[in-house]
file final16.pdb (PDB, C-alpha atoms)
ATOM      1  CA  MET A1369     127.025  63.267  99.608
ATOM      2  CA  ALA A1370     126.186  64.114  96.007
ATOM      3  CA  THR A1371     124.004  62.069  93.738
ATOM      4  CA  GLY A1372     124.993  61.541  90.121
ATOM      5  CA  ALA A1373     123.444  63.869  87.560
ATOM      6  CA  THR A1374     119.869  62.781  86.820
ATOM      7  CA  ARG A1375     118.544  63.336  83.301
ATOM      8  CA  ILE A1376     114.973  64.653  83.248
ATOM      9  CA  ARG A1377     112.281  64.229  80.581
ATOM     10  CA  PRO A1378     108.715  65.571  80.309
ATOM     11  CA  VAL A1379     105.838  63.659  81.880
ATOM     12  CA  ALA A1380     104.476  60.690  79.946
ATOM     13  CA  ARG A1381     100.796  60.326  79.027
ATOM     14  CA  ASP A1382     100.125  58.337  82.192
ATOM     15  CA  GLY A1383     101.693  61.129  84.249
ATOM     16  CA  ARG A1384     104.740  59.087  85.233
ATOM     17  CA  THR A1385     108.227  58.329  83.931
ATOM     18  CA  ARG A1386     111.243  56.908  85.710
ATOM     19  CA  GLU A1387     112.928  60.288  85.366
ATOM     20  CA  GLN A1388     109.864  61.979  86.828
ATOM     21  CA  ASP A1389     110.027  59.674  89.857
ATOM     22  CA  VAL A1390     113.683  60.542  90.362
ATOM     23  CA  LEU A1391     112.867  64.241  90.012
ATOM     24  CA  SER A1392     110.341  63.917  92.822
ATOM     25  CA  ALA A1393     112.957  62.299  95.057
ATOM     26  CA  VAL A1394     115.813  64.711  94.242
ATOM     27  CA  HIS A1395     113.744  67.906  94.067
ATOM     28  CA  VAL A1396     109.963  67.920  94.738
ATOM     29  CA  PRO A1397     107.122  66.663  92.534
ATOM     30  CA  TRP A1398     106.484  68.812  89.455
ATOM     31  CA  ARG A1399     104.367  68.490  86.354
ATOM     32  CA  LEU A1400     106.715  69.297  83.456
ATOM     33  CA  GLU A1401     106.055  70.174  79.817
ATOM     34  CA  SER A1402     108.771  70.718  77.234
ATOM     35  CA  ARG A1403     108.955  74.102  75.489
ATOM     36  CA  GLU A1404     111.512  73.095  72.816
ATOM     37  CA  PRO A1405     110.171  73.422  69.239
ATOM     38  CA  GLY A1406     109.283  70.033  67.829
ATOM     39  CA  ASP A1407     109.547  68.393  71.254
ATOM     40  CA  CYS A1408     106.207  69.159  72.894
ATOM     41  CA  ARG A1409     105.075  65.536  72.915
ATOM     42  CA  PRO A1410     104.589  64.038  76.402
ATOM     43  CA  GLY A1411     107.553  61.813  77.070
ATOM     44  CA  GLY A1412     109.619  63.695  74.474
ATOM     45  CA  GLY A1413     113.332  64.416  74.478
ATOM     46  CA  GLU A1414     115.576  65.247  77.377
ATOM     47  CA  ILE A1415     114.858  68.518  79.179
ATOM     48  CA  GLY A1416     117.891  68.788  81.432
ATOM     49  CA  TRP A1417     119.698  67.351  84.443
ATOM     50  CA  MET A1418     120.019  67.836  88.185
ATOM     51  CA  ARG A1419     122.178  66.645  91.050
ATOM     52  CA  ALA A1420     121.747  66.941  94.822
ATOM     53  CA  HIS A1421     124.122  67.498  97.726
ATOM     54  CA  GLU A1422     122.646  66.335 101.031
ATOM     55  CA  LEU A1423     123.538  68.302 104.155
ATOM     56  CA  THR A1424     122.285  67.508 107.643
ATOM     57  CA  ARG A1425     119.428  70.031 107.676
ATOM     58  CA  SER A1426     119.265  71.176 104.099
ATOM     59  CA  ARG A1427     119.809  70.022 100.546
ATOM     60  CA  ILE A1428     121.445  71.802  97.615
ATOM     61  CA  VAL A1429     120.078  70.873  94.209
ATOM     62  CA  GLU A1430     121.883  72.043  91.087
ATOM     63  CA  SER A1431     120.049  71.828  87.768
ATOM     64  CA  ALA A1432     120.157  72.896  84.156
ATOM     65  CA  ALA A1433     117.248  72.872  81.728
ATOM     66  CA  ALA A1434     116.182  73.801  78.239
ATOM     67  CA  PRO A1435     113.040  75.938  77.915
ATOM     68  CA  VAL A1436     110.433  74.064  79.937
ATOM     69  CA  GLY A1437     107.398  74.809  82.054
ATOM     70  CA  GLY A1438     106.477  73.286  85.388
ATOM     71  CA  ARG A1439     103.621  73.470  87.847
ATOM     72  CA  ARG A1440     102.952  72.337  91.401
ATOM     73  CA  GLY A1441      99.242  72.038  92.048
ATOM     74  CA  PRO A1442      97.238  70.187  94.725
ATOM     75  CA  GLU A1443      98.218  66.754  93.361
ATOM     76  CA  GLU A1444     101.966  67.480  93.425
ATOM     77  CA  ILE A1445     101.766  69.183  96.832
ATOM     78  CA  ALA A1446      99.936  66.152  98.248
ATOM     79  CA  ARG A1447     102.742  63.886  96.996
ATOM     80  CA  THR A1448     105.431  65.993  98.711
ATOM     81  CA  GLU A1449     106.537  64.218 101.876
ATOM     82  CA  ASP A1450     107.926  67.196 103.807
ATOM     83  CA  GLU A1451     107.390  70.956 103.965
ATOM     84  CA  TRP A1452     110.228  73.008 102.485
ATOM     85  CA  ILE A1453     111.307  76.612 102.154
ATOM     86  CA  VAL A1454     113.379  76.805  98.959
ATOM     87  CA  ALA A1455     115.887  79.510  98.021
ATOM     88  CA  LEU A1456     116.396  79.452  94.242
ATOM     89  CA  ILE A1457     119.511  81.129  92.808
ATOM     90  CA  GLN A1458     119.553  81.796  89.065
ATOM     91  CA  LEU A1459     123.057  81.235  87.639
ATOM     92  CA  ARG A1460     122.475  81.443  83.873
ATOM     93  CA  GLY A1461     119.537  81.900  81.551
ATOM     94  CA  ARG A1462     116.144  83.399  82.291
ATOM     95  CA  MET A1463     112.975  82.087  83.919
ATOM     96  CA  VAL A1464     109.668  83.380  85.270
ATOM     97  CA  ILE A1465     108.282  81.929  88.488
ATOM     98  CA  GLY A1466     104.987  82.705  90.163
ATOM     99  CA  GLY A1467     103.008  81.864  93.279
ATOM    100  CA  GLY A1468      99.976  83.515  94.876
ATOM    101  CA  GLU A1469      99.893  87.101  93.629
ATOM    102  CA  GLU A1470     103.676  87.208  93.047
ATOM    103  CA  THR A1471     105.353  86.809  89.647
ATOM    104  CA  VAL A1472     109.142  87.152  89.445
ATOM    105  CA  GLU A1473     111.417  87.191  86.401
ATOM    106  CA  LEU A1474     114.818  85.778  87.312
ATOM    107  CA  ARG A1475     118.043  86.570  85.493
ATOM    108  CA  PRO A1476     121.603  85.590  86.509
ATOM    109  CA  GLY A1477     122.163  86.543  90.142
ATOM    110  CA  GLY A1478     118.455  86.657  90.949
ATOM    111  CA  VAL A1479     117.194  84.927  94.093
ATOM    112  CA  VAL A1480     113.642  83.995  95.014
ATOM    113  CA  VAL A1481     112.382  82.094  98.074
ATOM    114  CA  TRP A1482     109.284  79.938  97.645
ATOM    115  CA  ASP A1483     107.148  77.662  99.821
ATOM    116  CA  SER A1484     106.584  74.023  98.842
ATOM    117  CA  THR A1485     103.150  73.950 100.516
ATOM    118  CA  ALA A1486     101.647  76.552  98.157
ATOM    119  CA  PRO A1487     100.855  76.288  94.429
ATOM    120  CA  VAL A1488     103.710  77.559  92.252
ATOM    121  CA  TRP A1489     104.642  77.520  88.560
ATOM    122  CA  PHE A1490     107.678  78.336  86.443
ATOM    123  CA  ASP A1491     108.482  78.935  82.791
ATOM    124  CA  ILE A1492     112.113  78.767  81.642
ATOM    125  CA  LYS A1493     112.476  81.240  78.776
ATOM    126  CA  LYS A1494     116.128  80.600  77.955
ATOM    127  CA  LYS A1495     118.287  77.554  78.675
ATOM    128  CA  ASP A1496     119.315  77.980  82.276
ATOM    129  CA  HIS A1497     121.409  76.782  85.180
ATOM    130  CA  LYS A1498     120.274  77.299  88.769
ATOM    131  CA  ARG A1499     121.013  76.243  92.314
ATOM    132  CA  SER A1500     118.273  75.632  94.898
ATOM    133  CA  VAL A1501     118.719  75.235  98.647
ATOM    134  CA  PHE A1502     115.969  73.280 100.430
ATOM    135  CA  PHE A1503     115.373  73.964 104.137
ATOM    136  CA  PRO A1504     112.791  72.107 106.225
ATOM    137  CA  ARG A1505     110.168  74.694 107.163
ATOM    138  CA  GLU A1506     110.273  73.641 110.824
ATOM    139  CA  PHE A1507     114.073  74.135 110.990
ATOM    140  CA  LEU A1508     114.012  77.561 109.331
ATOM    141  CA  SER A1509     111.117  78.675 111.541
ATOM    142  CA  THR A1510     113.217  78.081 114.663
ATOM    143  CA  LEU A1511     115.653  80.719 113.369
ATOM    144  CA  CYS A1512     112.953  83.062 112.054
ATOM    145  CA  PRO A1513     109.706  82.682 114.068
ATOM    146  CA  THR A1514     108.073  85.442 111.996
ATOM    147  CA  LEU A1515     108.631  83.530 108.765
ATOM    148  CA  ASP A1516     105.948  84.856 106.459
ATOM    149  CA  ALA A1517     103.190  82.766 104.963
ATOM    150  CA  ARG A1518     103.609  84.396 101.562
ATOM    151  CA  PRO A1519     104.278  81.727  98.955
ATOM    152  CA  MET A1520     107.102  83.718  97.363
ATOM    153  CA  VAL A1521     109.621  86.443  98.283
ATOM    154  CA  GLU A1522     112.115  87.964  95.836
ATOM    155  CA  LEU A1523     115.458  88.996  97.363
ATOM    156  CA  PRO A1524     117.297  92.041  95.920
ATOM    157  CA  SER A1525     120.360  90.913  93.968
ATOM    158  CA  ALA A1526     122.378  93.991  94.985
ATOM    159  CA  ASP A1527     121.938  93.404  98.730
ATOM    160  CA  PRO A1528     125.362  92.446 100.220
ATOM    161  CA  ALA A1529     123.744  89.798 102.437
ATOM    162  CA  VAL A1530     122.123  88.209  99.371
ATOM    163  CA  GLY A1531     125.483  88.266  97.563
ATOM    164  CA  LEU A1532     127.107  86.538 100.531
ATOM    165  CA  PHE A1533     124.370  83.894 100.567
ATOM    166  CA  ARG A1534     124.976  83.192  96.860
ATOM    167  CA  ALA A1535     128.757  82.957  97.360
ATOM    168  CA  VAL A1536     128.591  80.682 100.407
ATOM    169  CA  THR A1537     126.041  78.432  98.681
ATOM    170  CA  ALA A1538     128.405  78.042  95.726
ATOM    171  CA  ASP A1539     131.318  77.116  98.020
ATOM    172  CA  VAL A1540     129.230  74.629 100.001
ATOM    173  CA  ALA A1541     128.039  72.988  96.768
ATOM    174  CA  ARG A1542     131.650  72.734  95.593
ATOM    175  CA  TYR A1543     132.973  71.090  98.753
ATOM    176  CA  ALA A1544     129.851  69.187  99.858
ATOM    177  CA  PRO A1545     130.939  65.793  98.431
ATOM    178  CA  GLU A1546     134.071  65.882 100.637
ATOM    179  CA  LEU A1547     132.512  67.165 103.873
ATOM    180  CA  ASP A1548     132.094  64.945 106.923
ATOM    181  CA  ASP A1549     129.015  65.046 109.170
ATOM    182  CA  THR A1550     130.365  67.960 111.211
ATOM    183  CA  GLY A1551     131.107  69.974 108.092
ATOM    184  CA  ARG A1552     127.696  69.274 106.575
ATOM    185  CA  HIS A1553     125.966  70.279 109.802
ATOM    186  CA  ALA A1554     127.941  73.529 110.070
ATOM    187  CA  SER A1555     127.347  74.340 106.405
ATOM    188  CA  SER A1556     123.638  73.756 106.726
ATOM    189  CA  ARG A1557     123.414  76.002 109.756
ATOM    190  CA  ALA A1558     125.461  78.758 108.089
ATOM    191  CA  LEU A1559     123.280  78.752 104.970
ATOM    192  CA  ALA A1560     120.102  78.890 107.067
ATOM    193  CA  GLU A1561     121.346  81.808 109.160
ATOM    194  CA  LEU A1562     122.457  83.724 106.063
ATOM    195  CA  LEU A1563     119.089  83.205 104.390
ATOM    196  CA  VAL A1564     117.260  84.360 107.515
ATOM    197  CA  ALA A1565     119.435  87.501 107.558
ATOM    198  CA  CYS A1566     118.287  88.176 103.991
ATOM    199  CA  LEU A1567     114.645  87.365 104.702
ATOM    200  CA  ARG A1568     114.030  88.925 108.097
ATOM    201  CA  PRO A1569     113.568  92.594 107.092
ATOM    202  CA  ARG A1570     111.370  91.606 104.153
ATOM    203  CA  VAL A1571     109.412  89.029 106.115
ATOM    204  CA  LEU A1572     108.633  91.523 108.866
ATOM    205  CA  HIS A1573     107.609  94.179 106.361
ATOM    206  CA  GLY A1574     105.623  91.701 104.314
ATOM    207  CA  ARG A1575     103.928  90.242 107.377
ATOM    208  CA  ALA A1576     102.914  93.673 108.670
ATOM    209  CA  ALA A1577     101.554  94.661 105.257
ATOM    210  CA  LEU A1578      99.591  91.421 104.916
ATOM    211  CA  GLN A1579      98.148  91.766 108.412
ATOM    212  CA  ALA A1580      97.142  95.377 107.799
ATOM    213  CA  ALA A1581      95.468  94.376 104.530
ATOM    214  CA  LEU A1582      93.649  91.490 106.232
ATOM    215  CA  PHE A1583      92.416  93.750 109.046
ATOM    216  CA  LYS A1584      91.131  96.277 106.501
ATOM    217  CA  ARG A1585      89.345  93.546 104.524
ATOM    218  CA  ALA A1586      87.832  92.091 107.691
ATOM    219  CA  CYS A1587      86.535  95.475 108.847
ATOM    220  CA  ALA A1588      84.967  96.158 105.457
ATOM    221  CA  HIS A1589      83.375  92.710 105.482
ATOM    222  CA  VAL A1590      81.935  93.267 108.954
ATOM    223  CA  GLU A1591      80.493  96.626 107.854
ATOM    224  CA  GLY A1592      78.716  94.943 104.975
ATOM    225  CA  ARG A1593      77.381  92.054 107.048
ATOM    226  CA  LEU A1594      76.655  93.826 110.335
ATOM    227  CA  GLU A1595      72.911  93.136 110.247
ATOM    228  CA  ASP A1596      73.500  89.369 110.024
ATOM    229  CA  PRO A1597      73.153  87.849 113.524
ATOM    230  CA  ASP A1598      75.032  84.746 112.342
ATOM    231  CA  LEU A1599      78.238  86.710 111.634
ATOM    232  CA  SER A1600      80.604  84.973 114.055
ATOM    233  CA  PRO A1601      84.441  84.920 114.103
ATOM    234  CA  GLY A1602      84.407  81.492 112.483
ATOM    235  CA  VAL A1603      82.031  82.582 109.721
ATOM    236  CA  LEU A1604      84.086  85.731 109.083
ATOM    237  CA  ALA A1605      87.326  83.730 108.837
ATOM    238  CA  ALA A1606      85.733  81.246 106.434
ATOM    239  CA  GLU A1607      84.393  84.015 104.190
ATOM    240  CA  LEU A1608      87.798  85.732 104.142
ATOM    241  CA  LYS A1609      89.453  82.338 103.477
ATOM    242  CA  VAL A1610      91.954  82.622 106.343
ATOM    243  CA  PRO A1611      92.504  80.443 109.444
ATOM    244  CA  LEU A1612      90.475  81.565 112.461
ATOM    245  CA  ARG A1613      93.663  81.833 114.541
ATOM    246  CA  THR A1614      95.229  84.181 111.973
ATOM    247  CA  LEU A1615      92.150  86.421 112.025
ATOM    248  CA  GLN A1616      92.084  86.459 115.828
ATOM    249  CA  ASP A1617      95.797  87.341 116.002
ATOM    250  CA  VAL A1618      95.377  90.260 113.567
ATOM    251  CA  PHE A1619      92.593  91.737 115.714
ATOM    252  CA  ALA A1620      94.449  91.038 118.982
ATOM    253  CA  GLN A1621      97.491  92.980 117.748
ATOM    254  CA  ARG A1622      95.199  95.985 117.410
ATOM    255  CA  GLY A1623      93.649  95.609 120.861
ATOM    256  CA  HIS A1624      90.425  93.888 119.792
ATOM    257  CA  THR A1625      88.777  90.527 119.711
ATOM    258  CA  VAL A1626      86.802  89.704 116.583
ATOM    259  CA  ARG A1627      83.588  89.247 118.560
ATOM    260  CA  GLY A1628      84.214  92.410 120.575
ATOM    261  CA  TYR A1629      84.897  94.464 117.445
ATOM    262  CA  VAL A1630      81.668  93.293 115.786
ATOM    263  CA  LYS A1631      79.684  94.018 118.938
ATOM    264  CA  ALA A1632      81.179  97.505 119.335
ATOM    265  CA  LEU A1633      80.386  98.329 115.709
ATOM    266  CA  ARG A1634      76.791  97.154 116.141
ATOM    267  CA  LEU A1635      76.356  99.238 119.278
ATOM    268  CA  GLY A1636      77.814 102.284 117.566
ATOM    269  CA  ARG A1637      75.445 101.940 114.631
ATOM    270  CA  ALA A1638      72.509 101.373 116.992
ATOM    271  CA  HIS A1639      73.372 104.596 118.852
ATOM    272  CA  VAL A1640      73.348 106.501 115.556
ATOM    273  CA  GLU A1641      69.988 104.994 114.554
ATOM    274  CA  LEU A1642      68.417 105.694 117.969
ATOM    275  CA  SER A1643      69.588 109.292 117.839
ATOM    276  CA  ARG A1644      67.774 109.843 114.547
ATOM    277  CA  ALA A1645      64.364 109.377 116.200
ATOM    278  CA  ASP A1646      62.895 108.148 112.911
ATOM    279  CA  GLY A1647      59.956 106.356 114.502
ATOM    280  CA  ARG A1648      61.459 102.870 114.699
ATOM    281  CA  GLY A1649      61.285 101.060 118.004
ATOM    282  CA  VAL A1650      64.287  99.933 120.086
ATOM    283  CA  THR A1651      63.774  96.246 119.296
ATOM    284  CA  GLU A1652      63.472  96.932 115.581
ATOM    285  CA  ILE A1653      66.746  98.848 115.612
ATOM    286  CA  ALA A1654      68.452  96.127 117.670
ATOM    287  CA  PHE A1655      67.527  93.499 115.088
ATOM    288  CA  ALA A1656      68.468  95.804 112.207
ATOM    289  CA  VAL A1657      72.069  96.066 113.443
ATOM    290  CA  GLY A1658      72.486  92.322 114.001
ATOM    291  CA  PHE A1659      71.472  91.647 117.609
ATOM    292  CA  ALA A1660      69.353  88.528 117.961
ATOM    293  CA  ASN A1661      68.215  89.256 121.527
ATOM    294  CA  ALA A1662      66.701  92.584 122.603
ATOM    295  CA  GLY A1663      67.562  92.056 126.280
ATOM    296  CA  HIS A1664      71.218  91.386 125.500
ATOM    297  CA  PHE A1665      71.254  94.463 123.285
ATOM    298  CA  SER A1666      69.857  96.701 126.042
ATOM    299  CA  ARG A1667      72.356  95.473 128.637
ATOM    300  CA  SER A1668      75.310  95.817 126.287
ATOM    301  CA  PHE A1669      74.177  99.276 125.184
ATOM    302  CA  HIS A1670      73.891 100.500 128.774
ATOM    303  CA  GLU A1671      77.360  99.145 129.607
ATOM    304  CA  ARG A1672      78.828 100.978 126.621
ATOM    305  CA  TYR A1673      77.033 104.342 126.841
ATOM    306  CA  GLY A1674      75.821 104.589 130.467
ATOM    307  CA  ALA A1675      72.228 104.999 129.319
ATOM    308  CA  SER A1676      69.566 102.644 128.057
ATOM    309  CA  PRO A1677      68.509 102.567 124.382
ATOM    310  CA  ARG A1678      65.106 103.937 125.375
ATOM    311  CA  GLU A1679      66.719 106.866 127.191
ATOM    312  CA  VAL A1680      68.818 107.741 124.132
ATOM    313  CA  ARG A1681      65.764 107.495 121.904
ATOM    314  CA  ALA A1682      63.675 109.620 124.300
ATOM    315  CA  THR A1683      66.377 112.304 124.362
ATOM    316  CA  ALA A1684      66.471 112.338 120.574
ATOM    317  CA  LEU A1685      62.688 112.663 120.356
ATOM    318  CA  SER A1686      62.715 115.501 122.853
ATOM    319  CA  ARG A1687      65.315 117.383 120.816
ATOM    320  CA  GLN A1688      63.306 116.772 117.673
ATOM    321  CA  ARG A1689      60.165 118.271 119.255
ATOM    322  CA  ARG A1690      62.117 121.318 120.408
ATOM    323  CA  GLY A1691      63.643 121.679 116.956
ATOM    324  CA  ALA A1692      67.131 121.356 118.436
ATOM    325  CA  PRO A1693      69.947 120.127 116.120
TER     326      PRO A1693
END
call {"tool": "encode", "arguments": {"input": "final16.pdb", "output": "C-alpha cells"}}
result
Amino acid sequence: MATGATRIRPVARDGRTREQDVLSAVHVPWRLESREPGDCRPGGGEIGWMRAHELTRSRIVESAAAPVGGRRGPEEIARTEDEWIVALIQLRGRMVIGGGEETVELRPGGVVVWDSTAPVWFDIKKKDHKRSVFFPREFLSTLCPTLDARPMVELPSADPAVGLFRAVTADVARYAPELDDTGRHASSRALAELLVACLRPRVLHGRAALQAALFKRACAHVEGRLEDPDLSPGVLAAELKVPLRTLQDVFAQRGHTVRGYVKALRLGRAHVELSRADGRGVTEIAFAVGFANAGHFSRSFHERYGASPREVRATALSRQRRGAP
C-alpha cells in the first residue's frame, strides 16, 4: 500500500525534525542540508516530498526535491534497521551521487545501485524527481550470490535490460496501491530478477577486477614486509583493511594459501641470498627473510628444493672459488 506524500525539511540544530524521522522510516536515515539560496538555515523551508509503495520483498520510494545535499555516515548507517541494496532511477533533474571511489552524475534515465551499509552522499544540482527500489540485501543475494561488495554500481542507460527495469518499475509503482498480496509478491520478485539481470555481468566483472587488485596489493605488501616474522594472514588482512576471509578467498582462487604464499616467497628469496655466497651464514639469511626458527627454515628449504641451505651455500662458494658464473 502507498503512504501519503511526506514533506521533507532540512535537519534542525538538534539533528532531528518530525519530517526527518518520517524520512528515516520511509527511506533510510540521511543528514540533509538545503541548497536553495536564502534557505540554508537548519530547519529551513521545505525541500521536497516522498511517498512509498510497500511490496512483499521490496519497497518503491518516489521522491522529488529542490537542490539539496545529503550524506549517510557512520551515525546514519548505525540507525538503519536493515541492510538494503537500492536501485535509484533518475526521472527528472540532475544529481551527483558518490560512494567509495565511485562518483556518478545522474540525468533523466540514469540508474545507479548503491549499498545502504556503506557511506554515501548525494548533491542534487537541479530540482529532480526520482524513483528508488529498496531490496533487502539477503533477498537479492539469494538471486545473485556473487553480489559485489562495491558500494555503488552505475548501470548503462542504453542497455535494453536496464530500460526494461525502468519501465516495469514505473508500472509497478502505478498499480501498487491496488495490488493484493499475490500481486505485490510477484511484482517484487520480477523487479529483483530484472535488476539481477542488469547487475550480473557488471558484478562479475567488478568482482574479478577488485579481487585481482586486492591480490596485487597483497603481494606487494608481502614483498615489502617479508623480513617481518610477525607477518601473519591476520596481520596482512588488517593492514590491507579487508576481512581475513576475503583475503583467504582471493589467494585460494589462485591456488595459494596466504601463509603458504608468504612462506614460498621467503624460501625463494633465501635461495637467491644463499646462492650469492656473500659471506653471511645460513641462520643470518633465514632471519633476514622472515623465518623466526632456523630449524624450521632448514626443513622447509629442503622440502622445497631437495637440498639443505648449507648444501646450496657450499655449491655457491665452490662456484665462486672456481670463478664460475
call {"tool": "resolve_selection", "arguments": {"input": "final16.pdb", "expression": "the PyMOL selection byres ((chain A and resi 1475) around 8)", "output": "PyMOL selection string"}}
result
chain A and resi 1458-1463+1473-1474+1476-1478
call {"tool": "closest_residue", "arguments": {"input": "final16.pdb", "among": "A:Glu1430, A:Arg1593, A:Ala1638, A:Val1657", "to": "A:Ser1500", "atoms": "all atoms listed in the file"}}
result
A:Glu1430
call {"tool": "closest_atom_pairs", "arguments": {"input": "final16.pdb", "of": "stretch 1406-1482 of chain A", "to": "stretch 1563-1569 of chain A", "cutoff": "12 Å", "atoms": "all atoms listed in the file", "output": "JSON lines"}}
result
{"residue": "A:Ile1453", "atom": "CA", "partner": "A:Leu1563", "partner_atom": "CA", "distance": 10.4}
{"residue": "A:Val1454", "atom": "CA", "partner": "A:Leu1563", "partner_atom": "CA", "distance": 10.2}
{"residue": "A:Ala1455", "atom": "CA", "partner": "A:Leu1563", "partner_atom": "CA", "distance": 8.0}
{"residue": "A:Leu1456", "atom": "CA", "partner": "A:Leu1563", "partner_atom": "CA", "distance": 11.1}
{"residue": "A:Ile1457", "atom": "CA", "partner": "A:Leu1563", "partner_atom": "CA", "distance": 11.8}
{"residue": "A:Val1479", "atom": "CA", "partner": "A:Cys1566", "partner_atom": "CA", "distance": 10.5}
{"residue": "A:Val1480", "atom": "CA", "partner": "A:Leu1567", "partner_atom": "CA", "distance": 10.3}
{"residue": "A:Val1481", "atom": "CA", "partner": "A:Leu1567", "partner_atom": "CA", "distance": 8.8}
{"residue": "A:Trp1482", "atom": "CA", "partner": "A:Leu1567", "partner_atom": "CA", "distance": 11.6}
call {"tool": "residues_around", "arguments": {"input": "final16.pdb", "residues": "A:Asp1483", "least_positions_apart": "5", "cutoff": "9 Å", "atoms": "only C-alpha atoms", "output": "PDB file with C-alpha atoms, in the frame of the given file"}}
result
ATOM      1  CA  GLU A1451     107.390  70.956 103.965  1.00  0.00           C
ATOM      2  CA  TRP A1452     110.228  73.008 102.485  1.00  0.00           C
ATOM      3  CA  ILE A1453     111.307  76.612 102.154  1.00  0.00           C
ATOM      4  CA  VAL A1454     113.379  76.805  98.959  1.00  0.00           C
ATOM      5  CA  GLY A1467     103.008  81.864  93.279  1.00  0.00           C
ATOM      6  CA  VAL A1488     103.710  77.559  92.252  1.00  0.00           C
ATOM      7  CA  ARG A1505     110.168  74.694 107.163  1.00  0.00           C
ATOM      8  CA  ALA A1517     103.190  82.766 104.963  1.00  0.00           C
ATOM      9  CA  ARG A1518     103.609  84.396 101.562  1.00  0.00           C
ATOM     10  CA  PRO A1519     104.278  81.727  98.955  1.00  0.00           C
ATOM     11  CA  MET A1520     107.102  83.718  97.363  1.00  0.00           C
TER      12      MET A1520
END
call {"tool": "residues_around", "arguments": {"input": "final16.pdb", "residues": "A:Gly1592", "least_positions_apart": "4", "cutoff": "12 Å", "atoms": "all atoms listed in the file", "output": "ChimeraX atom specification"}}
result
/A:1585-1588,1596,1599,1604,1630,1633-1634,1657-1658
call {"tool": "atom_distance", "arguments": {"input": "final16.pdb", "atom1": "atom CA of A:Gly1468", "atom2": "atom CA of A:Val1536"}}
result
29.3 Å
call {"tool": "closest_residue", "arguments": {"input": "final16.pdb", "among": "A:Ile1492, A:Val1603, A:Leu1582, A:Val1436", "to": "A:Val1618", "atoms": "all atoms listed in the file"}}
result
A:Leu1582
call {"tool": "atom_distance", "arguments": {"input": "final16.pdb", "atom1": "atom CA of A:Phe1490", "atom2": "atom CA of A:Gly1466"}}
result
6.3 Å
call {"tool": "residues_around", "arguments": {"input": "final16.pdb", "residues": "A:Arg1447", "least_positions_apart": "2", "cutoff": "9 Å", "atoms": "all atoms listed in the file", "output": "list in words"}}
result
Ser1392, Val1396, Pro1397, Pro1442, Glu1443, Glu1444, Ile1445 and Glu1449 of chain A
call {"tool": "resolve_selection", "arguments": {"input": "final16.pdb", "expression": "the PyMOL selection byres ((chain A and resi 1674-1690) around 10)", "output": "PDB file with C-alpha atoms, keeping the file's coordinate frame"}}
result
ATOM      1  CA  LEU A1635      76.356  99.238 119.278  1.00  0.00           C
ATOM      2  CA  ALA A1638      72.509 101.373 116.992  1.00  0.00           C
ATOM      3  CA  HIS A1639      73.372 104.596 118.852  1.00  0.00           C
ATOM      4  CA  VAL A1640      73.348 106.501 115.556  1.00  0.00           C
ATOM      5  CA  GLU A1641      69.988 104.994 114.554  1.00  0.00           C
ATOM      6  CA  LEU A1642      68.417 105.694 117.969  1.00  0.00           C
ATOM      7  CA  SER A1643      69.588 109.292 117.839  1.00  0.00           C
ATOM      8  CA  ARG A1644      67.774 109.843 114.547  1.00  0.00           C
ATOM      9  CA  ALA A1645      64.364 109.377 116.200  1.00  0.00           C
ATOM     10  CA  ASP A1646      62.895 108.148 112.911  1.00  0.00           C
ATOM     11  CA  GLY A1647      59.956 106.356 114.502  1.00  0.00           C
ATOM     12  CA  ARG A1648      61.459 102.870 114.699  1.00  0.00           C
ATOM     13  CA  GLY A1649      61.285 101.060 118.004  1.00  0.00           C
ATOM     14  CA  VAL A1650      64.287  99.933 120.086  1.00  0.00           C
ATOM     15  CA  THR A1651      63.774  96.246 119.296  1.00  0.00           C
ATOM     16  CA  ILE A1653      66.746  98.848 115.612  1.00  0.00           C
ATOM     17  CA  ALA A1654      68.452  96.127 117.670  1.00  0.00           C
ATOM     18  CA  PHE A1665      71.254  94.463 123.285  1.00  0.00           C
ATOM     19  CA  SER A1666      69.857  96.701 126.042  1.00  0.00           C
ATOM     20  CA  ARG A1667      72.356  95.473 128.637  1.00  0.00           C
ATOM     21  CA  SER A1668      75.310  95.817 126.287  1.00  0.00           C
ATOM     22  CA  PHE A1669      74.177  99.276 125.184  1.00  0.00           C
ATOM     23  CA  HIS A1670      73.891 100.500 128.774  1.00  0.00           C
ATOM     24  CA  GLU A1671      77.360  99.145 129.607  1.00  0.00           C
ATOM     25  CA  ARG A1672      78.828 100.978 126.621  1.00  0.00           C
ATOM     26  CA  TYR A1673      77.033 104.342 126.841  1.00  0.00           C
ATOM     27  CA  GLY A1691      63.643 121.679 116.956  1.00  0.00           C
ATOM     28  CA  ALA A1692      67.131 121.356 118.436  1.00  0.00           C
ATOM     29  CA  PRO A1693      69.947 120.127 116.120  1.00  0.00           C
TER      30      PRO A1693
END
call {"tool": "atom_distance", "arguments": {"input": "final16.pdb", "atom1": "atom CA of A:Glu1401", "atom2": "atom CA of A:His1421"}}
result
25.6 Å
